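In what follows, a single structure is set out as structure tokens and then discussed.
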Amino acid sequence: MPGKKKKEVKLFMVLFLLPAIFIYTLFLLIPILDSMRLSLYSGQGLIPTEFVGFDNYVKLFTQFPFKDRMINAFSNNIKFFFIVTLIQNIFGFFIAFFVTRKIIGKGFFRKISFLPTTLSVLVVGFLFKLILNPAWGIFDKILVSLGLENFILPWLGNPLTALPVLAIVVSWQFMGESVLFYTAGIDAIPEEVTEAALIDGASPLQELWYIIIPSILPIIGIVTILIFIGDFTQFDIVYAMSTTQANPAFGTDLFGSLFYRAAFSTPVRGGWGMGMGAAVSTVMFAIVFTGVMVWLYFFKLKGQKND
Amino acid sequence: MTRHGIKRRLIKISLFSFLSIYTVSILYPILLMFLTSFKTTREIFTNPFGLPASFEFTSYIKLLTISNYLTYFRNSIIVTVISLGTIIVITSTASFVLAKYNFRWKNFLYLFFVAGMIIPIRLGTISILKLMIEMHANDTLFSVIIVGIAVGIPFGVFILTDFIKMIPEELSAAARIDGCTEPTIFRIVIIPLLRPALAAVAIINYIPIWNDFWFPLVFLKSDSVKTVPLATALLFGQYQTNYALVFAVLSMASIPVMLFYLVFSKHFVQGLSSGALKG
Amino acid sequence: MIKRISMLLVVLLVFSTFTLSAGGNKEAAGEEKVQITFTSWRTEDIERMNRINAVFMEKFPNIEVLFQPINDNEYDAQMRAGLETGTGADIIFLRSYDTGRIVYDGGSIYELNKDLPNLEGFPSAAVKAWSTEDGKIYAVPSVGVTHGIYYHKDIFDKYGLKEPETWDEFMAVAQTLKDNGEVVFAQGALDDWTCYEVVFSGLGANFYGGEASRQKLISGDMKLTDKPFLDAFKAVDQLQQFFPKGYEALDYVSMQTMFGTGQAAMFMGGSWELGILEDLGSTDLGWFAPPVVNKGDTLQYCFHVDAGIAMNSKSNHPEEALEYIKWVSSPEYAQLLMDELPGFFSYTPGDYPLKNAIAKEMIGAASDAVLTVRTVWEKMSAQSPSGNSLMGEAIPKMWKDEYTPEEAAAYVQDGLATWYAPFKK
């Protein structure tokens, strides 16, 4: 009897687990590994067929223009990540800190801060591209009406401004996520702790420094790693604001747009063929993997030791 | 009033002003998008800031006549509903087993799933495309749906396993004594208690699935299977000089998600926060 | 909560099945119609192409042609992926030479020799742009385009300016306009293909010696760093001082709108833009050919073989698609095309009256000129890094003073030398 019962349990367990394992493995895990395999192939078509060993990587790391584009995308991506991380963490934290104080309309502020995050990156990118249009965009008109016409720049045409503009637009959109995470972290601080501190005569600044910041440290880690993964695969914003050519002259090229262009475009538009595209995605995987490991080391494993 | 009180008040006023400016910076571009969609191209040049002269739906009507927008909309709904429904079903069953039973590969399986949260599926695009071509699923809604499900699984398992673990074992034990089989226990004991968590999983996956642009761009070619984001990009490219129409295109793509968010905002916040604190 | 969500989902599903059935009804109504899709990179032409196709659909009431263009930057990637996965449009616009060649070498394009014997009568230079060495033809040579300079007559008249013939006159005109505070050129550098395809190929040809030099470049007997080509780079570099403020961020569509709405005096553009500029309300439009270096020089005229119309070899409706392709090679189509899309010049043999005065000027300029195509389009854009993308990078960088003309030329030359065999020696 018990033996039979146990067997039944096993069958339903398998049936319950199988669909998730099947779809997850076949459409997420295997493709990631298989893309790495395809990076060892070359060919003109959609599916690379000719085995070339590590040739694609040799090209990618040593030859013009492949090496130059990759280094360019890497340095752009680092800058992009830096700007987004700074803005989202600093502003996100302070906005969260403010909306957890006793302030009129804090529920409304909380609600609105997440609104842009619900939009698609594509829509937001297109919208800001129109707003920043040098011939009739409203942003330059606002500057003129404020008497700041000397500060008008070719926002999306100059590599010095284009990349930061894209980073700011992305931060604008995803600020809500940071606010939400930090708000959750601050709300989770037990009230007794805060009250005890206030009774002891702690000023709001002291409360911020000694109670709030220490308890939200892990959230800084989560926000940052989410930004990291998102930014090193970011494509939509470049597509919408700078086209797949990452105008001006690859000045806004990120790994995501490099990957798309390399894999899917024709040579005339900067395409490199699918095999090279797979090599680029493998490099991206290595970067994301390294980043996640660093994060785990600093925020997760160390945290567990303290538990 | 004491000096201290005045100071506190000043701080509060400045905080309030800061938050107000931030809110305006969010709402103004969105409002601009809606308002501009009602203007004529001439008005966009001559009166960029003001209200449109009249709220006529000319651009929206044009949008519906020149494109199969209802089809795109329908496709997006189909993709979202089927993906979310499947995610909920298969991750709740899997999480139930992972949370309530002991077997040898349990911890490994849990980590195996959860690891997917940090793997960007885009990096497997070339291989997925190859798979879809081999399955003749390229250019079908199925291709986008199945990828949406695969992306949703890790987070679903992560949230639901945790949640099911918190359901007291006594409830299942009682049902077992009443002669219920394990699947029945899942159905009548676990599921009713799991509803808030299921809602969180659905809500969290709703935004990325509805807004996904990458996979539709790679997989979908025929007009009859295009989703809203893909159509947005296409229409934006086609009608770039018709500014009012372009703004109407952007508004149409934004209204469904924003409405959904405004209606369910409380649950969004709960769902996402629970994810944040556990992560 | 979950109840509300599931309610919402049910409502949405009901709504979607409703629209689904609505869509189904539409199809049922025109049951016998076969729908063929036609894709191109010309998103600007939707309405005009629909009018052309309406004539075809009247003749063949059982066929419905759906024109579905994709914007220029994305076109090649999307079109190719569609063809290779068997989900592409039935009729496609194919670029000339290498970019098209990649597509038909992949076997995705239907070979036309058997079905369209009349293609033999087309100008051989045009047919060659879409065929293999052994004479297999893959597209109906449909559109040739020219490059030149548009201007607003009203603004020229205001300062008593005349159409310049030589480069020096051209620069003097620009200087006068600039001195009077006019925006001289509605030119931008954001969509960098315009810098190379229109400005360099169009205006540079007179400096580098047009077709003769281009042939020497292909064979490797000349380099882009040789004096004639370098002179072209230098001339193009001079233009930058007359560009509007913020030209770095001005994209292609904004350039057209800026000039078309009369906010700038001149615009270096392609003949294909004529219709768009007129649609934008320009009634005082003038045009002149790229200025020559010395008075009396022969014009080296970039008359580019631009678009061929080809058929998907895996089309679901091959008979209907072929019917359309045949019609596209007919004189009737040629006349319609040139009427609807002034500035598009058909290769179909025959005499066609041109209604548009500027289109007439454009074709007139060809009569005593040496014709050529874009500088590094043929053979030199087959692989990465392609001549096209290198040029597109080098020229804006030269304008922004990141490169000198010498460095810009060397950048393209060296980039091509990494794979283009004749440059390696």
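Ordering of the structure tokens sets the chain letters (A, B, ...), residue numbers begin anew at 1 in every chain, and ligands are numbered from 1 in the order given.
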
Residues of chain A within 6 Å of chain B, counting only C-alpha atoms - could you list those as a short mmCIF file (atom, residue, chain, number, x, y, z; two decimals) with N, CA and C atoms, in the first residue's frame?
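The resulting selection11.cif:
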```cif
data_model
loop_
_atom_site.label_atom_id
_atom_site.label_comp_id
_atom_site.auth_asym_id
_atom_site.auth_seq_id
_atom_site.Cartn_x
_atom_site.Cartn_y
_atom_site.Cartn_z
N PHE A 16 3.58 17.43 -12.89
CA PHE A 16 3.49 18.81 -12.46
C PHE A 16 4.73 19.61 -12.82
N LEU A 17 5.87 18.95 -12.76
CA LEU A 17 7.12 19.67 -13.02
C LEU A 17 7.44 19.78 -14.51
N ALA A 20 6.95 22.98 -17.08
CA ALA A 20 7.84 24.11 -16.80
C ALA A 20 9.28 23.77 -17.18
N ILE A 23 9.59 23.63 -21.23
CA ILE A 23 9.60 24.91 -21.96
C ILE A 23 10.83 25.73 -21.59
N TYR A 24 11.11 25.75 -20.29
CA TYR A 24 12.24 26.54 -19.80
C TYR A 24 13.56 26.04 -20.41
N PRO A 31 18.84 27.22 -26.01
CA PRO A 31 19.22 28.25 -26.98
C PRO A 31 20.44 29.07 -26.56
N ILE A 32 20.58 29.35 -25.27
CA ILE A 32 21.74 30.12 -24.84
C ILE A 32 23.02 29.33 -25.15
N ASP A 34 23.26 26.79 -27.27
CA ASP A 34 23.37 26.53 -28.70
C ASP A 34 23.89 27.76 -29.44
N SER A 35 23.53 28.96 -28.96
CA SER A 35 24.06 30.17 -29.59
C SER A 35 25.58 30.22 -29.46
N LEU A 119 5.21 51.79 -19.75
CA LEU A 119 5.24 52.00 -21.20
C LEU A 119 6.33 51.16 -21.83
N SER A 120 6.24 50.96 -23.15
CA SER A 120 7.31 50.22 -23.79
C SER A 120 8.48 51.18 -24.05
N VAL A 123 8.15 53.10 -27.28
CA VAL A 123 7.29 54.28 -27.29
C VAL A 123 8.01 55.46 -26.63
N PHE A 181 11.31 49.78 -5.37
CA PHE A 181 12.15 48.88 -4.58
C PHE A 181 12.61 49.55 -3.28
N ALA A 184 9.78 49.93 -0.87
CA ALA A 184 9.50 48.65 -0.21
C ALA A 184 10.51 48.40 0.90
N SER A 281 26.89 37.73 -29.06
CA SER A 281 25.98 37.40 -27.96
C SER A 281 26.70 36.57 -26.90
#
```

Identify, on the basis of only C-alpha atoms, every residue whose closest approach to segment 135-150 of chain A does not exceed 12 Å; exclude the query and any residue fewer than 5 positions from it along the same chain; express the result as a PyMOL selection string. (chain A and resi 127-130+155-156) or (chain B and resi 25+28-29+32-33+36+41-50+243) or (chain C and resi 183+186-188+244-259+261+263-264)

Quick check: residues of chain B within 6 Å of chain C, only C-alpha atoms, returned as an mmCIF file with all heavy atoms, in the first residue's frame.
```cif
data_model
loop_
_atom_site.group_PDB
_atom_site.id
_atom_site.type_symbol
_atom_site.label_atom_id
_atom_site.label_comp_id
_atom_site.auth_asym_id
_atom_site.auth_seq_id
_atom_site.Cartn_x
_atom_site.Cartn_y
_atom_site.Cartn_z
ATOM 1 N N ARG B 74 -5.499 42.736 -31.263
ATOM 2 C CA ARG B 74 -5.975 41.389 -30.967
ATOM 3 C C ARG B 74 -4.780 40.452 -30.750
ATOM 4 O O ARG B 74 -4.742 39.681 -29.798
ATOM 5 C CB ARG B 74 -6.820 40.892 -32.139
ATOM 6 C CG ARG B 74 -7.437 39.539 -31.912
ATOM 7 C CD ARG B 74 -7.862 38.921 -33.232
ATOM 8 N NE ARG B 74 -6.709 38.395 -33.950
ATOM 9 C CZ ARG B 74 -6.664 38.258 -35.274
ATOM 10 N NH1 ARG B 74 -7.675 38.641 -36.014
ATOM 11 N NH2 ARG B 74 -5.594 37.762 -35.842
ATOM 12 N N ALA B 199 -1.745 36.495 -8.795
ATOM 13 C CA ALA B 199 -1.999 37.815 -9.361
ATOM 14 C C ALA B 199 -0.687 38.574 -9.524
ATOM 15 O O ALA B 199 -0.445 39.211 -10.554
ATOM 16 C CB ALA B 199 -2.949 38.596 -8.467
ATOM 17 N N GLY B 237 7.897 54.319 -38.720
ATOM 18 C CA GLY B 237 8.782 54.440 -39.885
ATOM 19 C C GLY B 237 8.038 54.883 -41.125
ATOM 20 O O GLY B 237 8.544 55.650 -41.929
ATOM 21 N N GLN B 238 6.788 54.405 -41.253
ATOM 22 C CA GLN B 238 6.060 54.682 -42.493
ATOM 23 C C GLN B 238 5.487 56.091 -42.546
ATOM 24 O O GLN B 238 5.365 56.664 -43.614
ATOM 25 C CB GLN B 238 4.921 53.672 -42.665
ATOM 26 C CG GLN B 238 5.423 52.273 -42.986
ATOM 27 C CD GLN B 238 4.302 51.275 -43.118
ATOM 28 O OE1 GLN B 238 3.185 51.514 -42.670
ATOM 29 N NE2 GLN B 238 4.592 50.151 -43.727
#
```

Check segment 125-274 of chain B with DSSP on the backbone and list each residue it calls alpha helix (DSSP H), as number ranges by chain. B: 125-134, 141-165, 169-177, 182-185, 191-211, 214-219, 228-238, 243-274

Taking 4 positions as the minimum chain separation for residues in the same chain, which residues sit within 8 Å of Ser108 of chain C when counting only C-alpha atoms? Answer as an NGL selection string. :C and (83-84 or 103-104 or 312-314)

With N, CA, C and O atoms retained, write the just-selected residues as a short mmCIF file (atom, residue, chain, number, x, y, z; two decimals), in the first residue's frame.
```
data_model
loop_
_atom_site.label_atom_id
_atom_site.label_comp_id
_atom_site.auth_asym_id
_atom_site.auth_seq_id
_atom_site.Cartn_x
_atom_site.Cartn_y
_atom_site.Cartn_z
N LEU C 83 12.47 36.46 -46.45
CA LEU C 83 12.64 35.58 -47.60
C LEU C 83 13.24 34.24 -47.19
O LEU C 83 12.80 33.19 -47.63
N GLU C 84 14.26 34.30 -46.33
CA GLU C 84 14.95 33.06 -46.01
C GLU C 84 14.13 32.13 -45.14
O GLU C 84 14.38 30.93 -45.08
N VAL C 103 20.97 38.49 -51.78
CA VAL C 103 19.63 37.91 -51.67
C VAL C 103 19.41 36.88 -52.76
O VAL C 103 18.96 35.77 -52.49
N TYR C 104 19.73 37.21 -54.02
CA TYR C 104 19.43 36.19 -55.04
C TYR C 104 20.44 35.06 -55.07
O TYR C 104 20.10 33.95 -55.46
N ASN C 312 9.58 36.77 -54.92
CA ASN C 312 9.95 35.77 -53.94
C ASN C 312 9.79 34.38 -54.55
O ASN C 312 8.73 34.03 -55.04
N SER C 313 10.87 33.58 -54.54
CA SER C 313 10.77 32.26 -55.17
C SER C 313 9.88 31.32 -54.37
O SER C 313 9.47 30.29 -54.86
N LYS C 314 9.62 31.68 -53.11
CA LYS C 314 8.73 30.82 -52.30
C LYS C 314 7.36 31.45 -52.11
O LYS C 314 6.66 31.17 -51.15
#
```

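With atom CA of Glu211 of chain C on one side and atom CA of Thr372 of chain C on the other, the separation reads 4.8 Å.
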
Under the rule of at most 7 Å, produce a per-residue listing of chain A near chain C: chain, number, name, the closest pair of atoms, and the distance in Å, as CSV, using only C-alpha atoms.
```
residue,atom,partner,partner_atom,distance
A:Leu46,CA,C:Glu84,CA,6.9
A:Pro65,CA,C:Pro385,CA,6.4
A:Pro134,CA,C:Gly246,CA,6.4
A:Ala135,CA,C:Ser254,CA,6.9
A:Leu153,CA,C:Gly246,CA,6.5
A:Pro154,CA,C:Gly246,CA,4.5
A:Trp155,CA,C:Ala249,CA,6.4
A:Leu156,CA,C:Ala249,CA,5.1
A:Gly157,CA,C:Ala249,CA,3.5
A:Asn158,CA,C:Glu248,CA,6.2
A:Asn247,CA,C:Leu190,CA,6.0
A:Pro248,CA,C:Leu190,CA,5.6
A:Ala249,CA,C:Glu393,CA,5.5
A:Phe264,CA,C:Ala77,CA,5.3
A:Ser265,CA,C:Ala77,CA,4.5
A:Thr266,CA,C:Ala77,CA,6.1
A:Pro267,CA,C:Ser384,CA,5.4
A:Val268,CA,C:Ser386,CA,5.6
A:Arg269,CA,C:Ser389,CA,6.3
A:Gly270,CA,C:Ser389,CA,6.2
A:Gly271,CA,C:Ser384,CA,6.9
A:Trp272,CA,C:Ser384,CA,6.1
```

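Atom CA of Ala307 of chain C sits 22.1 Å away from atom CA of Met57 of chain C.
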
At what distance in Å, to one decimal, does atom CA of Pro52 of chain B lie from atom CA of Ile131 of chain A? 16.9 Å

Please produce, as JSON lines, a per-residue contact table for segment 189-275 of chain C versus segment 155-170 of chain C (criterion: any atom at most 12 Å away, only C-alpha atoms considered), showing the nearest atom pair and its distance in Å to one decimal, sorted by chain then residue number.
```
{"residue": "C:Leu203", "atom": "CA", "partner": "C:Trp167", "partner_atom": "CA", "distance": 9.5}
{"residue": "C:Gly204", "atom": "CA", "partner": "C:Trp167", "partner_atom": "CA", "distance": 10.6}
{"residue": "C:Asn206", "atom": "CA", "partner": "C:Trp167", "partner_atom": "CA", "distance": 9.4}
{"residue": "C:Phe207", "atom": "CA", "partner": "C:Trp167", "partner_atom": "CA", "distance": 9.7}
{"residue": "C:Ala232", "atom": "CA", "partner": "C:Trp167", "partner_atom": "CA", "distance": 11.3}
{"residue": "C:Ala235", "atom": "CA", "partner": "C:Trp167", "partner_atom": "CA", "distance": 8.6}
{"residue": "C:Val236", "atom": "CA", "partner": "C:Trp167", "partner_atom": "CA", "distance": 10.8}
{"residue": "C:Gln238", "atom": "CA", "partner": "C:Trp167", "partner_atom": "CA", "distance": 10.6}
{"residue": "C:Leu239", "atom": "CA", "partner": "C:Phe170", "partner_atom": "CA", "distance": 10.0}
{"residue": "C:Phe242", "atom": "CA", "partner": "C:Phe170", "partner_atom": "CA", "distance": 11.5}
{"residue": "C:Phe259", "atom": "CA", "partner": "C:Ile155", "partner_atom": "CA", "distance": 11.8}
{"residue": "C:Gly262", "atom": "CA", "partner": "C:Ile155", "partner_atom": "CA", "distance": 8.9}
{"residue": "C:Gln263", "atom": "CA", "partner": "C:Ile155", "partner_atom": "CA", "distance": 10.1}
{"residue": "C:Ala264", "atom": "CA", "partner": "C:Ile155", "partner_atom": "CA", "distance": 8.7}
{"residue": "C:Ala265", "atom": "CA", "partner": "C:Ile155", "partner_atom": "CA", "distance": 6.2}
{"residue": "C:Met266", "atom": "CA", "partner": "C:Ile155", "partner_atom": "CA", "distance": 9.2}
```

Spatial neighbours of segment 162-167 of chain A, max dist 8 Å, only C-alpha atoms, sep filter under 5 positions, as number ranges by chain: A: 76, 80-81, 83-84, 155-157, 237-238, 241, 248, 251-252

So that I can check the surroundings of segment 206-213 of chain A, please list as a PyMOL selection string every protein, DNA and RNA residue that reaches within 7 Å of it, counting only C-alpha atoms and ignoring chain neighbours fewer than 4 positions away. chain A and resi 186+202+217

Using only C-alpha atoms, the residue out of A:Phe255, A:Tyr260, A:Phe97, A:Tyr297 with shortest distance to Arg69 of chain A is A:Phe255

What's around Phe57 of chain B at 9 Å? Count only C-alpha atoms, leave out sequence neighbours fewer than 5 positions away in its own chain, and write the answer as number ranges by chain. B: 37-38, 62

Selected residues written out with all heavy atoms, as an mmCIF file, in the first residue's frame:
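Wrote it out as out_1.cif, contents follow:
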```cif
data_model
loop_
_atom_site.group_PDB
_atom_site.id
_atom_site.type_symbol
_atom_site.label_atom_id
_atom_site.label_comp_id
_atom_site.auth_asym_id
_atom_site.auth_seq_id
_atom_site.Cartn_x
_atom_site.Cartn_y
_atom_site.Cartn_z
ATOM 1 N N SER B 37 -1.433 64.392 -30.483
ATOM 2 C CA SER B 37 -2.105 63.491 -31.423
ATOM 3 C C SER B 37 -3.415 64.090 -31.942
ATOM 4 O O SER B 37 -3.951 63.634 -32.931
ATOM 5 C CB SER B 37 -2.362 62.135 -30.771
ATOM 6 O OG SER B 37 -3.337 62.247 -29.766
ATOM 7 N N PHE B 38 -3.917 65.122 -31.260
ATOM 8 C CA PHE B 38 -5.156 65.752 -31.716
ATOM 9 C C PHE B 38 -4.906 66.985 -32.575
ATOM 10 O O PHE B 38 -5.834 67.603 -33.071
ATOM 11 C CB PHE B 38 -6.024 66.155 -30.509
ATOM 12 C CG PHE B 38 -6.579 64.982 -29.770
ATOM 13 C CD1 PHE B 38 -6.000 64.545 -28.600
ATOM 14 C CD2 PHE B 38 -7.670 64.288 -30.279
ATOM 15 C CE1 PHE B 38 -6.512 63.450 -27.932
ATOM 16 C CE2 PHE B 38 -8.188 63.195 -29.613
ATOM 17 C CZ PHE B 38 -7.593 62.770 -28.434
ATOM 18 N N LYS B 62 -7.764 57.810 -39.037
ATOM 19 C CA LYS B 62 -6.863 57.512 -40.148
ATOM 20 C C LYS B 62 -6.030 56.273 -39.818
ATOM 21 O O LYS B 62 -5.841 55.385 -40.650
ATOM 22 C CB LYS B 62 -5.949 58.715 -40.408
ATOM 23 C CG LYS B 62 -4.966 58.425 -41.520
ATOM 24 C CD LYS B 62 -4.519 59.637 -42.310
ATOM 25 C CE LYS B 62 -3.782 59.167 -43.558
ATOM 26 N NZ LYS B 62 -2.597 59.891 -43.885
#
```
